Structures are given as C-alpha cells and as structure tokens.
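Visitor: Can you keep this structure in mind? I'll have questions shortly.
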Amino acid sequence: MQWTDRIRQVKILLVLVAVVIAVASLVVSHFLVRDLAVEERNRMEVWAEAMRTLNQADENTDLNLVLKVIDENNTIPLVVMDSAGNVQTFRNVKLKGATYDDSLAHAARLGRQMFASGHYIRINQDDTQDYFDVCYDESVMIKRLNVYPYVQLGVVMIFVVVAIFALLTSKKAEQNKVWVGLSKETAHQLGTPISSLMAWTEMLRETYPDDELIPEMDKDVRRLQLIAERFSKIGSLPEPKPSSLQEVMNHVVEYMDRRTSNKVVMVRQFPEHDIIATVNASLFEWVIENLCKNAVDAMEGSGRITLFMAEEPGRIVIEVSDTGKGIRKKDVGNVFKPGFTTKKRGWGLGLSLAKRIVEEYHHGRIFVKSSELGKGTTFRIELRK
C-alpha cells in the first residue's frame with residue numbers, strides 16, 4: 001500500500017510539473033511573440049516611410065539611408081499594392097507560376113490575404129488621393145515561436161509518459177521479485193515436512209500393509225510434493241515438453257472430483273483426437289486446477305463446470321466455464337492483478353500466477369471471455385501450436 005501511494009504521489013507530481021512547464025512556456029511564448037510582432041510592425045512602418053520617401057524623392061534627396069532601410073528587410077515577407085490593387089513590388093515572397101504574370105497574380109493573392117488579416121500599413125501620397133498599402137506577413141521566426149510551445153508540450157508529455165512507464169515497470173519488477181521469493185521460500189519450507197511424511201508413510205505401509213487408508217495418505221503426500229515442485233518452478237525457466245492436454249485436463253477432473261461435493265458436476269467437451277501441446281504439464285495443470293477451484297468457490301459448492309478444448313487455425317483453445325455468481329464488469333480488468341480477490345479468505349495470487357504461467361512461460365493468452373452476474377464466468381486460454 002505504501003508503494004502504491006508513493007507511485008500515485010510521484011505520478012501526480014510529474015503531471016503537475018508538466019502542466020506548470022506547459023503553462024509557463026505558453027505564457028512566455030505569448031508575450032515574446034507579441035513583443036516581436038510589435039517590433040516587426042514598427043520596422044514595417046519605417047520601411048513604408050522609406051518607400052514613401054523614395055517615391056517622392058527629387059534630385060536633392062539623399063537616398064543612401066532610404067535604400068539602406070529598404071534593403072535591410074530580408075526576413076519579413078511583404079507585398080506593396082496600390083489603391084487599385086495592383087502589385088507594385090514585393091520582397092521575401094516565394095512566388096508560384098510558370099510566367100511572370102502568374103507570379104504577379106500569386107503575389108496579388110498573397111497581398112490580399114495579408115491585408116485581410118490586418119497586417120498592412122497604408123501610406124498616403126502628398127497632395128493626391130492615391131495611396132499604397134504595405135502588406136506584410138509574420139516572419140519565419142515568429143511562426144516558429146508560435147509552434148514551439150506545442151512542440152515543447154509534446155516533449156514534456158512524452159517525458160511524463162516515459163517516467164510513469166518506468167515507475168510502473170519498476171513496480172512490476174519488484175512485485176515479481178516478491179512473488180518469486182515467496183514461492184521459492186514456500187517450496188523450501190514444505191520440503192522438510194514432506195520428506196518426513198513420505199518416510200512415515202513408508203513405515204506405516206510396512207507395518208500395516210493391508211490398511212486401505214495408507215495409499216490415500218500416500219496420494220496426499222505426493223500431492224504436497226507436486227505443489228512444492230510447482231512453487232519451486234515459479235521464477236525459473238520451465239522445461240516445456242510435448243504433452244497430452246487431454247491427460248492434463250483429466251488429471252484435474254479426477255483431482256477435483258475427489259475433493260468436491262457431488263453437487264459439483266464436471267463436464268468435459270474434448271475432441272475425439274488427442275491434442276498435443278508443448279507445455280510444462282505440472283505448471284499448466286496448476287493453471288486449470290486454479291480456474292476450477294475458483295469456479296467451485298464462485299458456485300458456492302453447487303453447479304456445473306464445463307471444460308472445453310478445441311483446435312483452431314494456429315492455436316489451441318481451452319475454456320473453463322462455471323455457473324457461479326459471475327464477475328462485476330468493473331472487476332474484470334483486475335482479476336489477474338496480484339492481491340485482488342473477492343473472497344473473504346485468500347491472497348489473490350492464484351490468477352496472477354496463472355497469467356504468468358500462461359503468458360510468460362508458455363507465450364499464450366488467458367483472459368475473461370465472458371461473465372454475467374448470477375449466470376457464470378468463462379475463462380479462455382489460447383496457446384500457439
């Protein structure tokens with residue numbers, strides 16, 4: 001719980017930092033662009049005044065400063081149009097067109113667009129009704145600054161996503177380490193008493209060779225040995241071998257029949273031919289057994305469990321269905337998470353270990369195919385051929 005709370009706090013902090021950075025970037029960029037836009041308009045006013053001076057120049061006018069102002073504009077696109085809408089001149093504009101007339105028409109369209117956006121400066125001619133409009137567009141720098149905050153926001157969001165993913169991965173790795181350590185320690189602790197029980201069973205068999213209870217005791221001891229073996233394999237690479245899935249499923253049915261009441265009916269729906277799959281029979285049997293035990297608990301000791309198995313193109317399908325109380329929709333996505341359980345007793349590890357065995361060890365899939373409250377649940381396992 002403490003780890004979960006710490007992860008939640010870190011995620012909230014990362015999101016808040018990302019929001020603060022994004023807002024700060026947008027605010028700073030807005031004021032910077034606004035100031036640059038005002039400066040560019042001032043430059044255009046100076047440029048327009050230089051054009052007016054050039055048009056009204058006579059032989060006594062010094063044009064050195066005027067021409068210098070006009071030539072220094074190498075960044076701001078502009079189109080100069082007269083009162084009739086004709087293009088007089090243009091600078092820093094990429095023209096399109098095969099001929100000069102086409103290029104001029106394109107420049108005129110650009111000029112009208114700049115005028116419509118409010119980026120123009122009108123210069124009146126002295127003693128006449130004529131005027132010309134210096135229509136200009138934002139420079140490349142301002143356009144880049146307009147886009148930059150959103151690019152920065154995207155980078156920050158990517159950073160947050162990567163950081164959260166790293167935190168979740170480390171959390172999962174730590175959880176896996178805990179489950180593996182717990183499993184191996186359980187197998188180790190079971191080893192000594194199981195060995196003693198096996199020795200005592202052999203002594204009882206020699207002393208009471210005709211006792212009918214001793215073989216049953218021996219079966220239970222061997223069952224404990226199998227459970228310890230399964231726990232010891234968690235966290236290590238299993239050794240999958242071609243195995244009969246019918247045989248694995250039949251072992252589970254026989255085991256469940258001996259340990260459940262006659263009110264629980266086990267129904268087998270298997271194909272007539274045997275299905276061979278490359279699995280670790282001991283671990284895979286554990287998966288099916290776990291699903292059946294959960295089904296018995298969900299049915300509260302009375303109902304029908306259906307084991308279905310079939311071959312489909314490229315995969316083998318196994319389904320375990322029950323007639324129990326079902327799973328709520330909001331809980332379907334959590335049933336395989338470690339620690340999640342709807343039982344009054346239980347650690348919530350069975351299905352998480354089953355998922356690990358199927359997906360990590362056998363490279364298959366296990367999921368809740370369907371579930372309806374009051375009618376039952378179907379778990380589906382898919383294995384590659």
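In the structure tokens, the first chain shown is A, the next is B, and so on; residue numbers restart at 1 for each chain, and ligands run from 1 in the order shown.
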Which of stretch 240-307 of chain A counts as strand (DSSP E or B) under DSSP, as a list in words please?

Guide: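 Of stretch 240-307 of chain A, only Lys241, Pro242, Ser243, Ser244, Val264, Val265, Met266, Val267, Arg268, Gln269, Ile276, Ala277, Thr278, Val279, Gly303, Arg304, Ile305, Thr306 and Leu307 of chain A fall in strand (DSSP E or B).
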
Visitor: Output N, CA and C atoms for every residue in the selection just made, as a PDB file, in the first residue's frame.

Guide:
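As written to disk, out-v2.pdb reads:
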ATOM      1  N   LYS A 241       7.530 -29.596 -22.692  1.00  0.00           N
ATOM      2  CA  LYS A 241       7.675 -30.813 -23.485  1.00  0.00           C
ATOM      3  C   LYS A 241       6.351 -31.106 -24.172  1.00  0.00           C
ATOM      4  N   PRO A 242       6.377 -31.809 -25.302  1.00  0.00           N
ATOM      5  CA  PRO A 242       5.111 -32.221 -25.924  1.00  0.00           C
ATOM      6  C   PRO A 242       4.300 -33.074 -24.951  1.00  0.00           C
ATOM      7  N   SER A 243       3.117 -32.601 -24.613  1.00  0.00           N
ATOM      8  CA  SER A 243       2.285 -33.278 -23.627  1.00  0.00           C
ATOM      9  C   SER A 243       0.857 -33.373 -24.130  1.00  0.00           C
ATOM     10  N   SER A 244       0.143 -34.381 -23.628  1.00  0.00           N
ATOM     11  CA  SER A 244      -1.261 -34.569 -23.978  1.00  0.00           C
ATOM     12  C   SER A 244      -2.117 -33.652 -23.113  1.00  0.00           C
ATOM     13  N   VAL A 264     -21.270 -30.657  -7.434  1.00  0.00           N
ATOM     14  CA  VAL A 264     -20.475 -30.008  -8.484  1.00  0.00           C
ATOM     15  C   VAL A 264     -20.279 -31.012  -9.616  1.00  0.00           C
ATOM     16  N   VAL A 265     -20.764 -30.684 -10.778  1.00  0.00           N
ATOM     17  CA  VAL A 265     -20.683 -31.562 -11.945  1.00  0.00           C
ATOM     18  C   VAL A 265     -19.588 -31.050 -12.874  1.00  0.00           C
ATOM     19  N   MET A 266     -18.656 -31.939 -13.226  1.00  0.00           N
ATOM     20  CA  MET A 266     -17.577 -31.589 -14.155  1.00  0.00           C
ATOM     21  C   MET A 266     -17.926 -32.137 -15.535  1.00  0.00           C
ATOM     22  N   VAL A 267     -18.056 -31.257 -16.514  1.00  0.00           N
ATOM     23  CA  VAL A 267     -18.424 -31.644 -17.874  1.00  0.00           C
ATOM     24  C   VAL A 267     -17.219 -31.446 -18.779  1.00  0.00           C
ATOM     25  N   ARG A 268     -16.858 -32.495 -19.511  1.00  0.00           N
ATOM     26  CA  ARG A 268     -15.715 -32.422 -20.431  1.00  0.00           C
ATOM     27  C   ARG A 268     -16.208 -32.370 -21.867  1.00  0.00           C
ATOM     28  N   GLN A 269     -15.757 -31.362 -22.589  1.00  0.00           N
ATOM     29  CA  GLN A 269     -16.075 -31.231 -24.018  1.00  0.00           C
ATOM     30  C   GLN A 269     -14.757 -31.215 -24.791  1.00  0.00           C
ATOM     31  N   ILE A 276      -1.897 -32.468 -28.691  1.00  0.00           N
ATOM     32  CA  ILE A 276      -0.549 -32.417 -28.129  1.00  0.00           C
ATOM     33  C   ILE A 276      -0.058 -30.978 -28.181  1.00  0.00           C
ATOM     34  N   ALA A 277       0.419 -30.487 -27.049  1.00  0.00           N
ATOM     35  CA  ALA A 277       0.955 -29.131 -26.984  1.00  0.00           C
ATOM     36  C   ALA A 277       2.265 -29.155 -26.218  1.00  0.00           C
ATOM     37  N   THR A 278       3.148 -28.208 -26.558  1.00  0.00           N
ATOM     38  CA  THR A 278       4.435 -28.106 -25.859  1.00  0.00           C
ATOM     39  C   THR A 278       4.242 -27.255 -24.613  1.00  0.00           C
ATOM     40  N   VAL A 279       4.069 -27.920 -23.475  1.00  0.00           N
ATOM     41  CA  VAL A 279       3.815 -27.229 -22.216  1.00  0.00           C
ATOM     42  C   VAL A 279       4.581 -27.911 -21.099  1.00  0.00           C
ATOM     43  N   GLY A 303     -23.082 -26.575  -8.662  1.00  0.00           N
ATOM     44  CA  GLY A 303     -23.220 -26.066 -10.019  1.00  0.00           C
ATOM     45  C   GLY A 303     -22.499 -26.939 -11.023  1.00  0.00           C
ATOM     46  N   ARG A 304     -22.211 -26.374 -12.192  1.00  0.00           N
ATOM     47  CA  ARG A 304     -21.598 -27.137 -13.277  1.00  0.00           C
ATOM     48  C   ARG A 304     -20.365 -26.408 -13.787  1.00  0.00           C
ATOM     49  N   ILE A 305     -19.273 -27.159 -13.910  1.00  0.00           N
ATOM     50  CA  ILE A 305     -18.042 -26.650 -14.501  1.00  0.00           C
ATOM     51  C   ILE A 305     -17.839 -27.348 -15.835  1.00  0.00           C
ATOM     52  N   THR A 306     -17.687 -26.568 -16.894  1.00  0.00           N
ATOM     53  CA  THR A 306     -17.512 -27.120 -18.239  1.00  0.00           C
ATOM     54  C   THR A 306     -16.091 -26.843 -18.705  1.00  0.00           C
ATOM     55  N   LEU A 307     -15.389 -27.915 -19.058  1.00  0.00           N
ATOM     56  CA  LEU A 307     -14.040 -27.811 -19.604  1.00  0.00           C
ATOM     57  C   LEU A 307     -14.124 -28.066 -21.108  1.00  0.00           C
TER      58      LEU A 307
END

Visitor: Can you tell me which residues surround stretch 281-287 of chain A at a distance of at most 7 Å, considering only C-alpha atoms, apart from same-chain residues fewer than 6 positions away, and format the answer as a PyMOL selection string?

Guide: chain A and resi 230+243+248+252+354+357

Visitor: Could you pull out all residues of stretch 215-327 of chain A with a DSSP call of alpha helix (DSSP H) and give them as a PyMOL selection string?

Guide: chain A and resi 215-233+245-259+281-299

Visitor: Give me, as a list in words, all polymer residues having an atom no more than 9 Å from A:Asp218, counting only C-alpha atoms and skipping those fewer than 6 positions away in the same chain.

Guide: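 The filter keeps Leu197, Met198, Thr201 and Glu202 of chain A.
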
Visitor: Could the residues in this selection be written to a file with C-alpha atoms, as a PDB file, in the first residue's frame?

Guide:
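That gives us again_15.pdb:
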ATOM      1  CA  LEU A 197       5.688 -37.536   5.822  1.00  0.00           C
ATOM      2  CA  MET A 198       6.925 -39.701   2.965  1.00  0.00           C
ATOM      3  CA  THR A 201       4.081 -43.281   5.117  1.00  0.00           C
ATOM      4  CA  GLU A 202       6.612 -45.916   4.100  1.00  0.00           C
TER       5      GLU A 202
END

Visitor: Pick out the closest residue to A:Met299 from this set: A:Pro209, A:Pro215, A:Gly111, A:Gly376. Count only C-alpha atoms.

Guide: A:Gly376

Visitor: Name all residues at most 9 Å from stretch 29-32 of chain A (count only C-alpha atoms; drop same-chain ones fewer than 2 positions away) and give them as a list in words.

Guide: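 In the requested form, the answer reads Ala24, Ser25, Leu26, Val27, Arg34, Asp35, Leu36, Ala37, Ile142, Leu145, Asn146, Tyr148 and Pro149 of chain A.
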
Visitor: Restrict the selected residues to N, CA, C and O atoms and save them as a short mmCIF file (atom, residue, chain, number, x, y, z; two decimals), in the first residue's frame.

Guide:
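Final output, selection_35.cif:
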data_model
loop_
_atom_site.label_atom_id
_atom_site.label_comp_id
_atom_site.auth_asym_id
_atom_site.auth_seq_id
_atom_site.Cartn_x
_atom_site.Cartn_y
_atom_site.Cartn_z
N ALA A 24 3.76 27.75 -18.34
CA ALA A 24 4.83 28.75 -18.35
C ALA A 24 5.35 28.98 -19.76
O ALA A 24 5.59 30.13 -20.17
N SER A 25 5.52 27.88 -20.52
CA SER A 25 6.02 28.01 -21.90
C SER A 25 5.03 28.80 -22.77
O SER A 25 5.42 29.66 -23.55
N LEU A 26 3.75 28.49 -22.60
CA LEU A 26 2.74 29.18 -23.41
C LEU A 26 2.68 30.67 -23.06
O LEU A 26 2.58 31.52 -23.96
N VAL A 27 2.76 30.98 -21.76
CA VAL A 27 2.70 32.39 -21.34
C VAL A 27 3.92 33.16 -21.85
O VAL A 27 3.80 34.24 -22.44
N ARG A 34 4.21 38.45 -28.97
CA ARG A 34 3.52 39.74 -29.03
C ARG A 34 4.52 40.89 -29.16
O ARG A 34 4.33 41.81 -29.98
N ASP A 35 5.59 40.83 -28.38
CA ASP A 35 6.61 41.89 -28.45
C ASP A 35 7.30 41.90 -29.81
O ASP A 35 7.57 42.97 -30.38
N LEU A 36 7.61 40.71 -30.33
CA LEU A 36 8.25 40.64 -31.65
C LEU A 36 7.32 41.13 -32.75
O LEU A 36 7.76 41.77 -33.72
N ALA A 37 6.01 40.84 -32.61
CA ALA A 37 5.05 41.31 -33.61
C ALA A 37 4.99 42.84 -33.62
O ALA A 37 4.93 43.47 -34.68
N ILE A 142 8.76 34.35 -35.96
CA ILE A 142 7.52 34.41 -35.19
C ILE A 142 6.68 33.15 -35.40
O ILE A 142 6.08 32.61 -34.47
N LEU A 145 8.14 30.48 -33.33
CA LEU A 145 7.87 30.71 -31.91
C LEU A 145 6.42 30.37 -31.57
O LEU A 145 6.12 29.97 -30.44
N ASN A 146 5.50 30.55 -32.52
CA ASN A 146 4.11 30.18 -32.29
C ASN A 146 3.95 28.67 -32.12
O ASN A 146 3.11 28.20 -31.36
N TYR A 148 6.53 26.54 -31.28
CA TYR A 148 7.48 26.00 -30.32
C TYR A 148 6.84 25.53 -29.00
O TYR A 148 7.16 24.45 -28.51
N PRO A 149 5.93 26.30 -28.36
CA PRO A 149 5.36 25.83 -27.09
C PRO A 149 4.65 24.48 -27.20
O PRO A 149 4.70 23.67 -26.28
#

Visitor: Tell me which of A:Val358, A:Val335, A:Leu190, A:Leu78 sits closest to A:Thr377, counting only C-alpha atoms.

Guide: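 Checking each candidate against A:Thr377, we get A:Val335 as the closest.
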
Visitor: Between A:Leu67, A:Ala116, A:Tyr255, A:Met141, which one has atoms that come closest to A:Thr53, using only C-alpha atoms?

Guide: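 Checking each of A:Leu67, A:Ala116, A:Tyr255, A:Met141 against A:Thr53, counting only C-alpha atoms, the winner is A:Leu67.
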
Visitor: Between A:Gln56, A:Ser183, A:Asn42, A:Ser321, which one has atoms that come closest to A:His119, using only C-alpha atoms?

Guide: A:Asn42

Visitor: My list of candidates is A:Arg52, A:Phe90, A:Val79, A:Asn124. Which is closest to A:Arg112 when distances are computed with only C-alpha atoms?

Guide: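 Under the stated criterion, the closest residue is A:Val79.
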
Visitor: For the atom pair atom CA of A:Gly301 and atom CA of A:Lys329, what is the interatomic distance in Å to one decimal place?

Guide: 23.2 Å

Visitor: Nearest residue to A:Phe132 out of A:Val320, A:Ile214, A:Met51, A:Val69, using only C-alpha atoms?

Guide: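 Result for the nearest residue to A:Phe132: A:Met51.
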
Visitor: One decimal, Å: what's the distance from atom CA of A:Lys375 over to atom CA of A:Lys293, could you say?

Guide: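 Separating atom CA of A:Lys375 from atom CA of A:Lys293 is a distance of 17.2 Å.
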
Visitor: Using only C-alpha atoms, determine which residues lie at most 12 Å from A:Asp71, disregarding the query and same-chain residues fewer than 3 positions distant; provide the list as a list in words.

Guide: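 The neighbour list is Trp47, Ala50, Met51, Leu63, Asn64, Leu65, Val66, Leu67, Lys68, Asn74, Thr75, Ile76, Phe90, Arg91 and Asn92 of chain A.
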